[in-house]
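Take a look at the structure below.
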Amino acid sequence: MMIPNEDTRPFDVDEQLGLCALFVSAPRRDLTYVKVVLESYEGVGVARTERPFLTQDRALLVLLLVPDFLDVARRLIKHFEAEVGLRIEVVDDTMREELRHDLLSRLDY
């Protein structure tokens, strides 16, 4: 469930993951661009599509950002906001817990 975009702390680091899990929405036509550019900055983070059809023309992604590179990530996000209309989204705790569970379960071989 989406919550209105009112959070003032979207770059908090998830202690269990050791990453900043930042939920954003972007036009679906620009998903590849956002992913490729973010991931081309080696070590900054990766993008994962959570809901490809958040709305008719937007998708929900989670950017898994390395805490040491949050300054670089913030600059990239500002760029994406201006260039493609990326928006930071605030999600409920259930969605964050599902992400945490999914990522941590992949570590169990």
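Residue numbers start at 1 in each chain; chains themselves are named A, B, ... in the order of the structure tokens; ligands are numbered from 1 in the order shown.
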
Give the helix (DSSP H, G or I) residues of chain A, as DSSP finds them on the backbone, and put them as a PyMOL selection string.
-> chain A and resi 28-40+67-84+93-105

Please produce a file of the residues just selected, as a tab-separated table (two decimals), in the first residue's frame, where the atoms kept are N, CA and C atoms.
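out34.tsv, freshly written:
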```tsv
chain	number	residue	atom	x	y	z
A	28	ARG	N	7.36	4.04	-16.94
A	28	ARG	CA	7.83	2.72	-17.37
A	28	ARG	C	8.79	2.81	-18.55
A	29	ARG	N	8.58	3.77	-19.43
A	29	ARG	CA	9.45	3.89	-20.61
A	29	ARG	C	10.89	4.25	-20.22
A	30	ASP	N	11.09	4.74	-18.99
A	30	ASP	CA	12.42	5.17	-18.56
A	30	ASP	C	13.09	4.22	-17.56
A	31	LEU	N	12.49	3.06	-17.29
A	31	LEU	CA	13.06	2.15	-16.30
A	31	LEU	C	14.47	1.69	-16.65
A	32	THR	N	14.66	1.29	-17.87
A	32	THR	CA	15.99	0.81	-18.28
A	32	THR	C	17.02	1.91	-18.13
A	33	TYR	N	16.66	3.11	-18.53
A	33	TYR	CA	17.59	4.25	-18.42
A	33	TYR	C	17.99	4.47	-16.96
A	34	VAL	N	17.01	4.51	-16.06
A	34	VAL	CA	17.31	4.73	-14.64
A	34	VAL	C	18.21	3.63	-14.10
A	35	LYS	N	17.87	2.38	-14.41
A	35	LYS	CA	18.67	1.26	-13.92
A	35	LYS	C	20.10	1.30	-14.45
A	36	VAL	N	20.24	1.51	-15.75
A	36	VAL	CA	21.58	1.49	-16.36
A	36	VAL	C	22.44	2.63	-15.82
A	37	VAL	N	21.89	3.81	-15.73
A	37	VAL	CA	22.69	4.94	-15.25
A	37	VAL	C	23.08	4.72	-13.78
A	38	LEU	N	22.13	4.35	-12.93
A	38	LEU	CA	22.46	4.12	-11.52
A	38	LEU	C	23.54	3.06	-11.39
A	39	GLU	N	23.37	1.95	-12.07
A	39	GLU	CA	24.30	0.84	-11.91
A	39	GLU	C	25.64	1.08	-12.60
A	40	SER	N	25.70	2.08	-13.49
A	40	SER	CA	26.97	2.41	-14.13
A	40	SER	C	27.92	3.12	-13.13
A	67	PRO	N	25.34	2.87	1.75
A	67	PRO	CA	25.42	4.06	2.60
A	67	PRO	C	26.62	4.97	2.32
A	68	ASP	N	27.76	4.40	1.98
A	68	ASP	CA	28.95	5.21	1.73
A	68	ASP	C	28.83	6.11	0.50
A	69	PHE	N	27.86	5.83	-0.36
A	69	PHE	CA	27.71	6.59	-1.61
A	69	PHE	C	26.38	7.33	-1.68
A	70	LEU	N	25.77	7.64	-0.55
A	70	LEU	CA	24.47	8.30	-0.57
A	70	LEU	C	24.54	9.71	-1.17
A	71	ASP	N	25.65	10.39	-1.03
A	71	ASP	CA	25.76	11.72	-1.64
A	71	ASP	C	25.68	11.62	-3.17
A	72	VAL	N	26.37	10.65	-3.72
A	72	VAL	CA	26.31	10.43	-5.17
A	72	VAL	C	24.89	10.03	-5.57
A	73	ALA	N	24.28	9.13	-4.79
A	73	ALA	CA	22.92	8.68	-5.08
A	73	ALA	C	21.94	9.85	-5.05
A	74	ARG	N	22.07	10.73	-4.09
A	74	ARG	CA	21.17	11.89	-4.01
A	74	ARG	C	21.28	12.76	-5.27
A	75	ARG	N	22.51	12.96	-5.74
A	75	ARG	CA	22.70	13.76	-6.95
A	75	ARG	C	22.06	13.08	-8.17
A	76	LEU	N	22.23	11.77	-8.26
A	76	LEU	CA	21.62	11.03	-9.36
A	76	LEU	C	20.09	11.12	-9.30
A	77	ILE	N	19.53	11.00	-8.11
A	77	ILE	CA	18.09	11.05	-7.95
A	77	ILE	C	17.56	12.43	-8.33
A	78	LYS	N	18.25	13.48	-7.93
A	78	LYS	CA	17.85	14.83	-8.35
A	78	LYS	C	17.85	14.93	-9.88
A	79	HIS	N	18.86	14.36	-10.50
A	79	HIS	CA	18.94	14.35	-11.97
A	79	HIS	C	17.74	13.61	-12.56
A	80	PHE	N	17.43	12.42	-12.03
A	80	PHE	CA	16.30	11.64	-12.52
A	80	PHE	C	14.97	12.35	-12.28
A	81	GLU	N	14.86	13.05	-11.18
A	81	GLU	CA	13.62	13.80	-10.91
A	81	GLU	C	13.39	14.84	-12.00
A	82	ALA	N	14.45	15.54	-12.36
A	82	ALA	CA	14.33	16.59	-13.38
A	82	ALA	C	14.18	16.02	-14.79
A	83	GLU	N	14.93	14.97	-15.09
A	83	GLU	CA	14.97	14.48	-16.46
A	83	GLU	C	13.80	13.57	-16.83
A	84	VAL	N	13.43	12.65	-15.93
A	84	VAL	CA	12.38	11.67	-16.30
A	84	VAL	C	11.16	11.73	-15.39
A	93	ASP	N	5.14	-0.22	6.13
A	93	ASP	CA	6.11	-1.13	6.74
A	93	ASP	C	6.00	-2.55	6.18
A	94	THR	N	4.80	-2.95	5.77
A	94	THR	CA	4.62	-4.29	5.21
A	94	THR	C	5.45	-4.48	3.95
A	95	MET	N	5.43	-3.50	3.09
A	95	MET	CA	6.20	-3.60	1.85
A	95	MET	C	7.71	-3.63	2.14
A	96	ARG	N	8.14	-2.83	3.09
A	96	ARG	CA	9.56	-2.84	3.47
A	96	ARG	C	9.95	-4.19	4.07
A	97	GLU	N	9.08	-4.76	4.88
A	97	GLU	CA	9.36	-6.06	5.49
A	97	GLU	C	9.40	-7.16	4.44
A	98	GLU	N	8.51	-7.10	3.46
A	98	GLU	CA	8.52	-8.09	2.37
A	98	GLU	C	9.84	-8.01	1.59
A	99	LEU	N	10.30	-6.80	1.32
A	99	LEU	CA	11.58	-6.63	0.63
A	99	LEU	C	12.71	-7.21	1.47
A	100	ARG	N	12.73	-6.86	2.74
A	100	ARG	CA	13.77	-7.35	3.65
A	100	ARG	C	13.78	-8.88	3.68
A	101	HIS	N	12.60	-9.47	3.82
A	101	HIS	CA	12.49	-10.93	3.88
A	101	HIS	C	12.99	-11.56	2.58
A	102	ASP	N	12.58	-11.00	1.44
A	102	ASP	CA	12.99	-11.55	0.15
A	102	ASP	C	14.51	-11.48	-0.02
A	103	LEU	N	15.09	-10.35	0.28
A	103	LEU	CA	16.54	-10.20	0.09
A	103	LEU	C	17.34	-11.08	1.05
A	104	LEU	N	16.91	-11.11	2.31
A	104	LEU	CA	17.64	-11.92	3.29
A	104	LEU	C	17.47	-13.42	3.04
A	105	SER	N	16.32	-13.83	2.53
A	105	SER	CA	16.08	-15.25	2.26
A	105	SER	C	16.97	-15.74	1.13
```

Pick from A:Glu42, A:Asp92, A:Glu15, A:Glu50: nearest to Leu63 of chain A, with only C-alpha atoms counted?
->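 The closest residue to Leu63 of chain A is A:Glu50.
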
One-decimal distance in Å that lies between atom CA of Leu107 of chain A and atom CA of Val90 of chain A |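 Between atom CA of Val90 of chain A and atom CA of Leu107 of chain A the gap is 26.1 Å.
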
Please, which residues of chain A, numbered as in this document, come out strand (DSSP E) from DSSP, as a ChimeraX atom specification?
-> /A:2-3,13-14,19-27,45-51,58-65,87-88,90-91

Length of the atom CA of Arg106 of chain A to atom CA of Phe11 of chain A vector [Å] |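 Separation of atom CA of Arg106 of chain A and atom CA of Phe11 of chain A: 23.5 Å.
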
Within 8 Å of Val66 of chain A using only C-alpha atoms, minus same-chain residues under 2 positions, as a PyMOL selection string | chain A and resi 18-20+43-45+64+68-70

One-decimal distance in Å that lies between atom CA of Tyr41 of chain A and atom CA of Phe53 of chain A | 26.5 Å
